[in-house]
>>> print(open('target27.cif').read())   # mmCIF, C-alpha atoms and all ligand atoms
data_target
#
loop_
_atom_site.label_atom_id
_atom_site.label_comp_id
_atom_site.auth_asym_id
_atom_site.auth_seq_id
_atom_site.Cartn_x
_atom_site.Cartn_y
_atom_site.Cartn_z
CA MET A 1 192.73 146.01 75.40
CA LYS A 2 191.66 148.80 77.68
CA LYS A 3 192.04 151.39 74.94
CA PHE A 4 189.97 149.21 72.65
CA ARG A 5 187.21 149.06 75.25
CA SER A 6 187.28 152.83 75.68
CA LEU A 7 186.99 153.27 71.94
CA LEU A 8 183.97 150.96 71.86
CA THR A 9 182.38 152.95 74.67
CA LEU A 10 183.03 156.18 72.83
CA ILE A 11 181.57 154.82 69.59
CA THR A 12 178.47 153.60 71.46
CA LEU A 13 178.08 156.99 73.03
CA LEU A 14 178.50 158.84 69.73
CA MET A 15 175.96 156.57 68.07
CA LEU A 16 173.47 157.25 70.82
CA VAL A 17 174.10 160.98 70.70
CA SER A 18 173.72 161.17 66.91
CA PHE A 19 170.63 158.98 67.02
CA TYR A 20 168.92 161.13 69.57
CA SER A 21 170.01 164.45 68.14
CA CYS A 22 167.67 163.89 65.13
CA SER A 23 164.65 164.44 67.31
CA GLU A 24 166.12 166.99 69.69
CA ASP A 25 163.70 169.79 68.80
CA ASP A 26 160.46 168.13 69.67
CA MET A 27 161.34 166.11 72.75
CA PRO A 28 162.24 167.33 76.23
CA ASP A 29 165.72 166.57 77.54
CA LEU A 30 164.78 163.85 79.97
CA GLU A 31 162.99 161.89 77.25
CA LEU A 32 166.15 161.97 75.12
CA GLY A 33 167.92 160.03 77.83
CA THR A 34 171.56 160.02 76.78
CA VAL A 35 172.79 156.62 77.92
CA VAL A 36 176.44 156.38 78.87
CA ALA A 37 177.90 152.90 79.02
CA VAL A 38 180.23 151.93 81.85
CA ASP A 39 183.86 152.45 80.85
CA PRO A 40 185.75 149.46 82.28
CA SER A 41 189.11 151.10 81.52
CA LEU A 42 188.42 153.57 84.37
CA PHE A 43 188.93 150.83 86.95
CA LEU A 44 192.47 150.91 88.29
CA GLU A 45 195.26 148.36 88.39
CA GLY A 46 194.51 145.97 91.21
CA THR A 47 190.98 145.35 89.98
CA THR A 48 190.05 142.60 87.53
CA VAL A 49 187.19 143.35 85.16
CA THR A 50 185.54 140.69 83.01
CA THR A 51 182.27 140.63 81.05
CA VAL A 52 179.58 138.12 81.98
CA SER A 53 175.92 137.63 81.09
CA CYS A 54 173.43 138.75 83.71
CA THR A 55 169.77 139.46 84.37
CA LEU A 56 168.81 142.78 85.90
CA SER A 57 166.13 143.57 88.47
CA ASP A 58 163.66 144.64 85.74
CA GLY A 59 164.12 141.39 83.83
CA THR A 60 166.55 142.80 81.25
CA VAL A 61 168.89 140.08 80.04
CA THR A 62 172.18 141.77 79.26
CA THR A 63 175.88 141.81 80.04
CA CYS A 64 177.54 142.96 83.22
CA TYR A 65 181.06 143.76 84.30
CA ARG A 66 182.29 141.45 87.00
CA ILE A 67 184.76 143.42 89.08
CA VAL A 68 187.04 141.67 91.54
CA ALA A 69 188.91 143.94 93.90
CA GLY A 70 190.86 143.87 97.14
CA THR A 71 192.34 146.87 98.86
CA PRO A 72 192.86 150.31 97.27
CA THR A 73 195.99 150.89 95.20
CA ASP A 74 195.58 154.66 94.85
CA HIS A 75 195.86 155.72 98.50
CA ASP A 76 197.01 154.39 101.87
CA MET A 77 194.60 152.89 104.38
CA GLY A 78 194.51 154.29 107.90
CA PRO A 79 195.38 155.54 110.39
CA TRP A 80 192.15 155.25 112.37
CA CYS A 81 192.75 155.46 116.14
CA PRO A 82 195.35 157.73 117.74
CA ASP A 83 197.47 156.18 120.53
CA ASN A 84 197.49 158.97 123.08
CA ILE A 85 195.34 162.00 123.87
CA THR A 86 198.30 164.25 123.01
CA ASP A 87 198.47 162.91 119.43
CA GLY A 88 197.80 165.27 116.54
CA GLU A 89 195.38 164.78 113.68
CA GLU A 90 197.94 162.89 111.58
CA ALA A 91 197.74 160.01 114.10
CA GLY A 92 194.05 159.33 113.56
CA GLY A 93 191.24 159.37 111.02
CA ILE A 94 187.87 161.09 110.98
CA TRP A 95 184.46 160.77 112.61
CA LEU A 96 181.16 161.75 111.03
CA GLU A 97 178.52 163.36 113.20
CA ASN A 98 175.50 165.43 112.27
CA GLY A 99 176.73 166.19 108.77
CA GLU A 100 180.15 167.30 109.98
CA VAL A 101 183.58 165.69 109.58
CA TYR A 102 185.72 165.71 112.74
CA ASP A 103 189.41 164.81 112.98
CA VAL A 104 189.90 161.93 115.39
CA ASP A 105 192.99 163.30 117.11
CA GLY A 106 193.94 162.86 120.76
CA GLU A 107 191.91 165.90 121.73
CA PHE A 108 188.78 164.48 120.12
CA ILE A 109 189.11 161.24 122.12
CA LYS A 110 189.87 163.21 125.29
CA ASN A 111 186.72 165.28 124.86
CA LEU A 112 184.23 162.52 123.99
CA ALA A 113 182.31 162.92 127.26
CA THR A 114 181.76 166.57 126.45
CA PHE A 115 181.17 165.96 122.74
CA TYR A 116 178.38 163.47 123.46
CA ASN A 117 177.34 165.05 126.77
CA ASP A 118 177.68 161.70 128.57
CA GLN A 119 180.14 161.08 131.40
CA ASN A 120 180.34 157.34 130.60
CA TRP A 121 182.85 158.18 127.88
CA LEU A 122 186.44 157.68 129.07
CA MET A 123 188.60 156.09 126.39
CA TYR A 124 192.09 156.60 127.88
CA ASP A 125 194.09 155.71 130.98
CA ALA A 126 195.97 157.84 133.51
CA ASN A 127 198.89 158.21 131.07
CA GLY A 128 196.58 159.44 128.34
CA ASP A 129 197.01 156.20 126.41
CA ILE A 130 193.90 155.46 124.38
CA TYR A 131 192.22 152.05 124.58
CA VAL A 132 192.59 150.73 121.05
CA THR A 133 191.65 147.22 119.91
CA ASP A 134 194.93 145.44 119.21
CA SER A 135 194.01 142.01 117.83
CA GLU A 136 191.76 140.59 115.16
CA ASP A 137 189.51 139.06 117.81
CA ASP A 138 189.18 142.39 119.56
CA CYS A 139 188.32 144.23 116.35
CA ILE A 140 185.63 141.65 115.55
CA ASN A 141 184.21 141.51 119.07
CA ALA A 142 184.23 145.24 119.71
CA ALA A 143 182.38 145.87 116.44
CA ASN A 144 179.55 143.60 117.58
CA PRO A 145 176.89 145.74 119.29
CA ASN A 146 175.80 142.77 121.44
CA VAL A 147 179.22 142.34 122.97
CA GLY A 148 179.64 142.79 126.69
CA ALA A 149 180.83 145.76 128.65
CA GLU A 150 184.50 144.75 128.46
CA TYR A 151 184.73 146.47 125.09
CA ARG A 152 183.16 149.71 126.23
CA ASN A 153 185.31 152.78 125.70
CA TYR A 154 187.42 151.28 122.96
CA CYS A 155 188.58 152.92 119.81
CA VAL A 156 187.94 150.11 117.33
CA GLU A 157 190.21 149.53 114.38
CA CYS A 158 190.74 146.51 112.16
CA ILE A 159 194.07 146.78 110.37
CA PRO A 160 194.90 145.70 106.78
CA GLU A 161 196.87 142.66 107.98
CA TYR A 162 193.57 141.05 109.04
CA ILE A 163 192.22 141.01 105.48
CA THR A 164 195.23 139.95 103.43
CA GLY A 165 193.97 138.07 100.39
CA LEU A 166 190.32 139.02 100.95
CA THR A 167 188.60 140.10 97.72
CA GLN A 168 185.13 141.34 96.87
CA THR A 169 183.24 140.68 93.63
CA TRP A 170 180.81 143.20 92.15
CA LEU A 171 178.47 142.95 89.18
CA ILE A 172 177.26 146.10 87.43
CA PRO A 173 175.40 146.37 84.10
CA THR A 174 177.72 147.27 81.19
CA THR A 175 175.05 149.73 80.07
CA PRO A 176 172.71 151.20 82.68
CA VAL A 177 168.94 150.78 82.28
CA LYS A 178 167.02 153.76 83.67
CA LEU A 179 163.76 152.93 85.43
CA THR A 180 160.64 154.98 86.10
CA ASN A 181 160.48 153.94 89.74
CA SER A 182 163.37 154.08 92.15
CA ALA A 183 164.58 151.03 94.08
CA SER A 184 165.44 151.21 97.77
CA PHE A 185 168.63 149.68 99.05
CA ALA A 186 168.44 146.48 101.07
CA GLY A 187 167.90 147.27 104.72
CA MET A 188 166.12 150.56 104.03
CA GLY A 189 162.58 149.68 105.12
CA ALA A 190 160.00 147.01 104.35
CA GLY A 191 160.06 145.65 100.82
CA ALA A 192 163.46 147.11 100.05
CA SER A 193 165.11 144.51 97.83
CA GLY A 194 167.90 146.48 96.19
CA PRO A 195 171.59 145.82 96.65
CA ALA A 196 173.21 146.77 99.94
CA ILE A 197 176.16 148.59 98.40
CA ARG A 198 175.68 152.00 96.85
CA GLY A 199 178.44 151.66 94.30
CA ILE A 200 182.13 151.15 93.63
CA ALA A 201 185.07 153.53 93.42
CA PHE A 202 187.53 153.17 90.53
CA ASN A 203 189.90 151.34 92.89
CA GLY A 204 187.23 148.67 93.43
CA VAL A 205 186.40 149.75 96.98
CA GLU A 206 182.69 149.77 97.83
CA PHE A 207 180.64 152.83 98.71
CA SER A 208 178.83 151.24 101.64
CA ALA A 209 175.54 151.59 103.40
CA SER A 210 175.59 154.08 106.28
CA ALA A 211 177.78 152.98 109.17
CA PRO A 212 175.58 151.94 112.14
CA VAL A 213 176.79 154.86 114.20
CA ASP A 214 174.03 154.61 116.81
CA ASN A 215 175.02 151.03 117.66
CA ILE A 216 178.69 151.95 117.76
CA LEU A 217 178.11 154.90 120.06
CA GLY A 218 175.56 152.96 122.15
CA ALA A 219 178.38 150.58 123.09
CA TYR A 220 180.63 153.56 123.97
CA THR A 221 182.95 152.73 121.13
CA ILE A 222 184.22 154.74 118.19
CA ALA A 223 185.14 153.04 114.92
CA PRO A 224 186.82 155.87 113.05
CA PHE A 225 187.19 156.17 109.29
CA ASP A 226 190.54 157.06 107.80
CA ASP A 227 191.00 160.35 106.00
CA ALA A 228 189.74 158.67 102.81
CA GLY A 229 186.45 157.86 104.57
CA GLY A 230 187.15 154.14 104.85
CA HIS A 231 187.69 151.48 107.45
CA ILE A 232 187.95 147.71 107.62
CA ASN A 233 185.80 144.93 108.86
CA VAL A 234 186.99 141.41 108.38
CA HIS A 235 183.97 140.36 106.29
CA GLN A 236 183.64 143.32 103.90
CA GLY A 237 187.27 144.28 103.86
CA TYR A 238 188.10 147.96 103.38
CA HIS A 239 185.03 150.04 102.51
CA TYR A 240 183.98 153.69 102.33
CA HIS A 241 181.36 155.54 104.37
CA ALA A 242 182.28 159.01 103.06
CA ALA A 243 183.65 160.45 99.84
CA THR A 244 186.45 162.76 100.91
CA GLY A 245 188.18 163.08 97.53
CA ALA A 246 190.96 160.59 98.25
CA SER A 247 190.20 157.95 95.63
CA GLU A 248 190.77 158.23 91.87
CA GLN A 249 188.73 160.96 90.20
CA VAL A 250 187.90 161.64 86.57
CA ILE A 251 187.96 165.41 86.20
CA GLN A 252 185.21 166.81 83.98
CA GLY A 253 186.14 169.52 81.50
CA ASP A 254 182.98 171.59 81.93
CA GLY A 255 183.06 172.52 85.60
CA HIS A 256 180.91 169.59 86.60
CA ALA A 257 181.83 167.65 89.74
CA ALA A 258 184.50 164.97 89.21
CA MET A 259 183.46 161.37 88.64
CA ILE A 260 184.45 159.02 91.48
CA GLY A 261 182.94 155.66 90.47
CA TYR A 262 179.84 153.80 89.44
CA ALA A 263 176.62 153.11 91.31
CA ALA A 264 175.38 149.54 91.60
CA ASP A 265 173.07 150.21 88.62
CA GLY A 266 175.95 151.26 86.35
CA HIS A 267 175.13 154.98 86.44
CA GLY A 268 178.07 157.25 87.21
CA ILE A 269 178.71 158.60 90.71
CA TYR A 270 180.19 162.09 91.02
CA GLU A 271 181.37 164.26 93.87
CA GLN A 272 178.78 166.29 95.71
CA LEU A 273 179.78 169.73 94.49
CA ASN A 274 180.43 171.20 91.08
CA ASN A 275 183.56 173.32 90.61
CA ASP A 276 181.59 176.44 91.54
CA GLY A 277 181.15 174.95 95.04
CA ASN A 278 177.43 174.30 94.63
CA GLU A 279 175.44 171.10 94.70
CA PRO A 280 173.18 170.78 91.64
CA ASP A 281 169.72 172.09 92.55
CA ASP A 282 167.74 169.56 90.51
CA LEU A 283 168.71 166.29 92.19
CA ASP A 284 165.91 163.75 92.54
CA SER A 285 165.12 161.71 95.65
CA CYS A 286 167.98 159.30 94.90
CA ARG A 287 170.43 162.26 94.49
CA GLY A 288 170.52 161.84 90.70
CA HIS A 289 169.89 164.02 87.66
CA SER A 290 170.63 163.96 83.92
CA ASP A 291 172.63 165.96 81.46
CA ASP A 292 173.58 165.43 77.81
CA ILE A 293 177.21 164.54 78.51
CA ARG A 294 176.88 162.16 81.46
CA GLY A 295 173.33 160.91 81.02
CA TYR A 296 171.63 160.03 84.28
CA HIS A 297 174.10 160.11 87.18
CA TYR A 298 174.34 160.65 90.93
CA HIS A 299 176.04 163.21 93.16
CA VAL A 300 177.13 161.84 96.53
CA ASP A 301 175.95 163.34 99.78
CA ALA A 302 178.22 165.54 101.93
CA PRO A 303 181.14 163.61 103.51
CA GLY A 304 179.83 164.22 107.04
CA SER A 305 176.43 162.73 106.29
CA ASN A 306 177.41 159.04 106.51
CA ASN A 307 175.55 158.58 103.22
CA PHE A 308 176.30 158.44 99.50
CA ILE A 309 173.05 158.16 97.54
CA ASN A 310 169.49 157.43 98.69
CA CYS A 311 168.18 154.92 96.15
CA LEU A 312 168.74 153.67 92.59
CA TYR A 313 166.88 154.84 89.50
CA GLY A 314 168.40 152.08 87.41
CA ALA A 315 168.09 148.31 87.18
CA TYR A 316 170.63 146.36 89.22
CA VAL A 317 171.85 142.80 89.51
CA LYS A 318 169.83 140.95 92.12
ZN ZN A 401 181.91 150.25 107.96
ZN ZN A 402 175.58 166.23 87.64
#
>>> encode(input="target27.cif", output="structure tokens")
Amino acid sequence: MKKFRSLLTLITLLMLVSFYSCSEDDMPDLELGTVVAVDPSLFLEGTTVTTVSCTLSDGTVTTCYRIVAGTPTDHDMGPWCPDNITDGEEAGGIWLENGEVYDVDGEFIKNLATFYNDQNWLMYDANGDIYVTDSEDDCINAANPNVGAEYRNYCVECIPEYITGLTQTWLIPTTPVKLTNSASFAGMGAGASGPAIRGIAFNGVEFSASAPVDNILGAYTIAPFDDAGGHINVHQGYHYHAATGASEQVIQGDGHAAMIGYAADGHGIYEQLNNDGNEPDDLDSCRGHSDDIRGYHYHVDAPGSNNFINCLYGAYVK
């Protein structure tokens, strides 16, 4: 069944390419608009993909893939918080600050007061043991910015056991519809009505909105991401805030950045950098651009930026 779907996608693509190639000489590239359908066979075992009818944000009545996913099957989750200030980097995850990725090892926790130039940071006891949330209640309460001072100076982690059986359901158009105007993500300013999630990795894990780092730090807590850029909350489950190259990739044969998933509008999402180590220099305000092979697609932001893409240039499911 999956091969059959891939074949259909390929045929659709070839038809589009041959159709457009007739008029290639007298139209600029962007007008040609190669459209690449979503390939449902790229989603990994552990995700369930079905086709449903849907209406997109621009009024297009079409079909969408309904993707149901739980936790990633292609890499481990965690660790997030080290136990002691002598622990090495393998005992913890990462923290994102000012565009940089920092290992959350014991030394990082030990030096928080210096790192943030604020003597209120002290996340370990006289033995060097780090204050880590150790129950589901604690991980929920400590992640709430309105919580009282008793959760100050905690390294917050919610572990996979708290979300056993939790699934998320995503709807993305089977064929993306490019729009002239970009749509802002929900929560990004007045009038922003787009989806909250940026997209989905091939393992079904969401590329999330920016983590609310200011709130987290304001409560003198750290909620690290694992080396894959993900962490857990009990409502969303496991989700990514950075693309670190840990999830399934589709390598491109032409030196282009590898594909890592789909945006909420069905356009492909690729790694930030092409194989030559450079970010494409023609990205639009959403971090997208077009080429003849991939059609319109996005390149994610740097892993340290706590951001994937800035907006959508395609219709999405409301
Ligand atoms: Zn998060
Ligand atoms: Zn590209």
>>> residues_around(input="target27.cif", residues="Gly99 of chain A", least_positions_apart="3", cutoff="12 Å", atoms="only C-alpha atoms", output="ChimeraX atom specification")
/A:95-96,102,242,301-307
>>> closest_atom_pairs(input="target27.cif", of="chain A", to="ligand ZN 402 (chain A)", cutoff="7 Å", atoms="only C-alpha atoms and all ligand atoms", output="Markdown table")
| residue | atom | partner | partner_atom | distance |
| --- | --- | --- | --- | --- |
| A:His256 | CA | A:ZN402 | ZN | 6.4 |
| A:Ala257 | CA | A:ZN402 | ZN | 6.7 |
| A:Pro280 | CA | A:ZN402 | ZN | 6.5 |
| A:His289 | CA | A:ZN402 | ZN | 6.1 |
| A:Ser290 | CA | A:ZN402 | ZN | 6.6 |
| A:Asp291 | CA | A:ZN402 | ZN | 6.9 |
| A:His297 | CA | A:ZN402 | ZN | 6.3 |
| A:Tyr298 | CA | A:ZN402 | ZN | 6.6 |
| A:His299 | CA | A:ZN402 | ZN | 6.3 |
>>> residues_near_ligand(input="target27.cif", ligand="ligand ZN 401 (chain A)", cutoff="8 Å", atoms="all atoms listed in the file", output="JSON, numbers by chain")
{"A": [208, 209, 210, 211, 212, 230, 231, 232, 233, 239, 240, 241]}
>>> atom_distance(input="target27.cif", atom1="atom CA of Gly261 of chain A", atom2="atom CA of Leu44 of chain A")
10.9 Å
>>> closest_residue(input="target27.cif", among="A:Ile130, A:Ile67, A:Cys155, A:Ala228", to="Ile85 of chain A", atoms="only C-alpha atoms")
A:Ile130
>>> closest_residue(input="target27.cif", among="A:Ala201, A:Asn141, A:Cys311, A:Gly165", to="Gly189 of chain A", atoms="all atoms listed in the file")
A:Cys311
>>> closest_residue(input="target27.cif", among="A:Pro160, A:Glu89, A:Ser182, A:Phe202", to="Thr48 of chain A", atoms="all atoms listed in the file")
A:Phe202
>>> closest_residue(input="target27.cif", among="A:Met259, A:Ala186, A:Val104, A:Ile251", to="Asn310 of chain A", atoms="all atoms listed in the file")
A:Ala186
>>> residues_around(input="target27.cif", residues="Gly106 of chain A", least_positions_apart="6", cutoff="7 Å", atoms="all atoms listed in the file", output="MDAnalysis selection string")
chainID A and resid 82 84:88
>>> atom_distance(input="target27.cif", atom1="atom CA of Gly78 of chain A", atom2="atom CA of Asn120 of chain A")
26.9 Å
>>> atom_distance(input="target27.cif", atom1="atom CA of Asp74 of chain A", atom2="atom CA of Glu248 of chain A")
6.7 Å
>>> closest_residue(input="target27.cif", among="A:Ala219, A:Ala196, A:Asn203, A:Thr244", to="Ala149 of chain A", atoms="only C-alpha atoms")
A:Ala219
>>> closest_residue(input="target27.cif", among="A:Phe225, A:Phe207, A:Trp121, A:Phe108", to="Pro195 of chain A", atoms="all atoms listed in the file")
A:Phe207
>>> residues_around(input="target27.cif", residues="Thr62 of chain A", least_positions_apart="6", cutoff="7 Å", atoms="only C-alpha atoms", output="ChimeraX atom specification")
/A:53-55
>>> write_last_selection(input="target27.cif", atoms="C-alpha atoms", output="mmCIF file, in the frame of the given file")
data_model
loop_
_atom_site.group_PDB
_atom_site.id
_atom_site.type_symbol
_atom_site.label_atom_id
_atom_site.label_comp_id
_atom_site.auth_asym_id
_atom_site.auth_seq_id
_atom_site.Cartn_x
_atom_site.Cartn_y
_atom_site.Cartn_z
ATOM 1 C CA SER A 53 175.920 137.630 81.090
ATOM 2 C CA CYS A 54 173.430 138.750 83.710
ATOM 3 C CA THR A 55 169.770 139.460 84.370
#
>>> residues_around(input="target27.cif", residues="Thr73 of chain A", least_positions_apart="3", cutoff="12 Å", atoms="all atoms listed in the file", output="list in words")
Phe43, Leu44, Glu45, Gly46, Thr47, Ala69, Gly70, Asp76, Met77, Ala201, Phe202, Asn203, Gly204, Val205, Tyr238, Ala246, Ser247 and Glu248 of chain A
>>> residues_around(input="target27.cif", residues="segment 109-119 of chain A", least_positions_apart="6", cutoff="12 Å", atoms="all atoms listed in the file", output="PyMOL selection string")
chain A and resi 80-89+91-95+97-98+102-103+125-132+153-155+214+217-218+220-224
>>> build_atoms(input="target27.cif", residues="segment 32-56 of chain A", atoms="N, CA, C and O atoms", output="mmCIF file, in the frame of the given file")
data_model
loop_
_atom_site.group_PDB
_atom_site.id
_atom_site.type_symbol
_atom_site.label_atom_id
_atom_site.label_comp_id
_atom_site.auth_asym_id
_atom_site.auth_seq_id
_atom_site.Cartn_x
_atom_site.Cartn_y
_atom_site.Cartn_z
ATOM 1 N N LEU A 32 165.040 162.334 76.017
ATOM 2 C CA LEU A 32 166.150 161.970 75.120
ATOM 3 C C LEU A 32 167.013 160.895 75.770
ATOM 4 O O LEU A 32 167.428 159.953 75.125
ATOM 5 N N GLY A 33 167.240 161.069 77.064
ATOM 6 C CA GLY A 33 167.920 160.030 77.830
ATOM 7 C C GLY A 33 169.232 159.574 77.236
ATOM 8 O O GLY A 33 169.368 158.424 76.859
ATOM 9 N N THR A 34 170.207 160.455 77.145
ATOM 10 C CA THR A 34 171.560 160.020 76.780
ATOM 11 C C THR A 34 171.949 158.877 77.701
ATOM 12 O O THR A 34 171.831 158.980 78.918
ATOM 13 N N VAL A 35 172.371 157.769 77.115
ATOM 14 C CA VAL A 35 172.790 156.620 77.920
ATOM 15 C C VAL A 35 174.306 156.468 77.785
ATOM 16 O O VAL A 35 174.827 156.388 76.678
ATOM 17 N N VAL A 36 174.985 156.503 78.880
ATOM 18 C CA VAL A 36 176.440 156.380 78.870
ATOM 19 C C VAL A 36 176.831 155.019 79.424
ATOM 20 O O VAL A 36 176.521 154.693 80.574
ATOM 21 N N ALA A 37 177.477 154.235 78.594
ATOM 22 C CA ALA A 37 177.900 152.900 79.020
ATOM 23 C C ALA A 37 179.019 153.002 80.064
ATOM 24 O O ALA A 37 179.772 153.979 80.083
ATOM 25 N N VAL A 38 179.128 152.011 80.887
ATOM 26 C CA VAL A 38 180.230 151.930 81.850
ATOM 27 C C VAL A 38 181.533 151.799 81.069
ATOM 28 O O VAL A 38 181.607 151.051 80.091
ATOM 29 N N ASP A 39 182.547 152.537 81.490
ATOM 30 C CA ASP A 39 183.860 152.450 80.850
ATOM 31 C C ASP A 39 184.784 151.605 81.738
ATOM 32 O O ASP A 39 185.295 152.094 82.744
ATOM 33 N N PRO A 40 184.979 150.348 81.389
ATOM 34 C CA PRO A 40 185.750 149.460 82.280
ATOM 35 C C PRO A 40 187.209 149.879 82.419
ATOM 36 O O PRO A 40 187.881 149.506 83.382
ATOM 37 N N SER A 41 187.699 150.690 81.441
ATOM 38 C CA SER A 41 189.110 151.100 81.520
ATOM 39 C C SER A 41 189.343 152.084 82.655
ATOM 40 O O SER A 41 190.492 152.370 83.017
ATOM 41 N N LEU A 42 188.245 152.630 83.256
ATOM 42 C CA LEU A 42 188.420 153.570 84.370
ATOM 43 C C LEU A 42 188.791 152.860 85.662
ATOM 44 O O LEU A 42 189.303 153.482 86.588
ATOM 45 N N PHE A 43 188.548 151.560 85.745
ATOM 46 C CA PHE A 43 188.930 150.830 86.950
ATOM 47 C C PHE A 43 190.446 150.644 86.980
ATOM 48 O O PHE A 43 191.074 150.354 85.966
ATOM 49 N N LEU A 44 191.017 150.824 88.147
ATOM 50 C CA LEU A 44 192.470 150.910 88.290
ATOM 51 C C LEU A 44 193.132 149.541 88.322
ATOM 52 O O LEU A 44 192.465 148.518 88.540
ATOM 53 N N GLU A 45 194.455 149.565 88.145
ATOM 54 C CA GLU A 45 195.260 148.360 88.390
ATOM 55 C C GLU A 45 194.923 147.846 89.784
ATOM 56 O O GLU A 45 194.677 148.625 90.705
ATOM 57 N N GLY A 46 194.903 146.530 89.911
ATOM 58 C CA GLY A 46 194.510 145.970 91.210
ATOM 59 C C GLY A 46 193.086 145.475 91.194
ATOM 60 O O GLY A 46 192.658 144.757 92.087
ATOM 61 N N THR A 47 192.325 145.895 90.167
ATOM 62 C CA THR A 47 190.980 145.350 89.980
ATOM 63 C C THR A 47 190.999 144.483 88.734
ATOM 64 O O THR A 47 191.778 144.734 87.808
ATOM 65 N N THR A 48 190.182 143.450 88.707
ATOM 66 C CA THR A 48 190.050 142.600 87.530
ATOM 67 C C THR A 48 188.634 142.742 87.003
ATOM 68 O O THR A 48 187.672 142.550 87.750
ATOM 69 N N VAL A 49 188.503 143.124 85.744
ATOM 70 C CA VAL A 49 187.190 143.350 85.160
ATOM 71 C C VAL A 49 186.963 142.375 84.017
ATOM 72 O O VAL A 49 187.765 142.314 83.079
ATOM 73 N N THR A 50 185.901 141.580 84.104
ATOM 74 C CA THR A 50 185.540 140.690 83.010
ATOM 75 C C THR A 50 184.066 140.926 82.666
ATOM 76 O O THR A 50 183.334 141.536 83.440
ATOM 77 N N THR A 51 183.656 140.446 81.494
ATOM 78 C CA THR A 51 182.270 140.630 81.050
ATOM 79 C C THR A 51 181.535 139.298 81.175
ATOM 80 O O THR A 51 182.046 138.265 80.728
ATOM 81 N N VAL A 52 180.376 139.338 81.794
ATOM 82 C CA VAL A 52 179.580 138.120 81.980
ATOM 83 C C VAL A 52 178.129 138.427 81.606
ATOM 84 O O VAL A 52 177.729 139.594 81.561
ATOM 85 N N SER A 53 177.344 137.393 81.323
ATOM 86 C CA SER A 53 175.920 137.630 81.090
ATOM 87 C C SER A 53 175.224 137.752 82.441
ATOM 88 O O SER A 53 175.677 137.182 83.442
ATOM 89 N N CYS A 54 174.123 138.497 82.451
ATOM 90 C CA CYS A 54 173.430 138.750 83.710
ATOM 91 C C CYS A 54 171.992 139.143 83.432
ATOM 92 O O CYS A 54 171.650 139.545 82.321
ATOM 93 N N THR A 55 171.167 139.021 84.446
ATOM 94 C CA THR A 55 169.770 139.460 84.370
ATOM 95 C C THR A 55 169.565 140.544 85.420
ATOM 96 O O THR A 55 169.947 140.377 86.578
ATOM 97 N N LEU A 56 168.975 141.650 84.988
ATOM 98 C CA LEU A 56 168.810 142.780 85.900
ATOM 99 C C LEU A 56 167.459 142.709 86.614
ATOM 100 O O LEU A 56 166.586 141.914 86.260
#
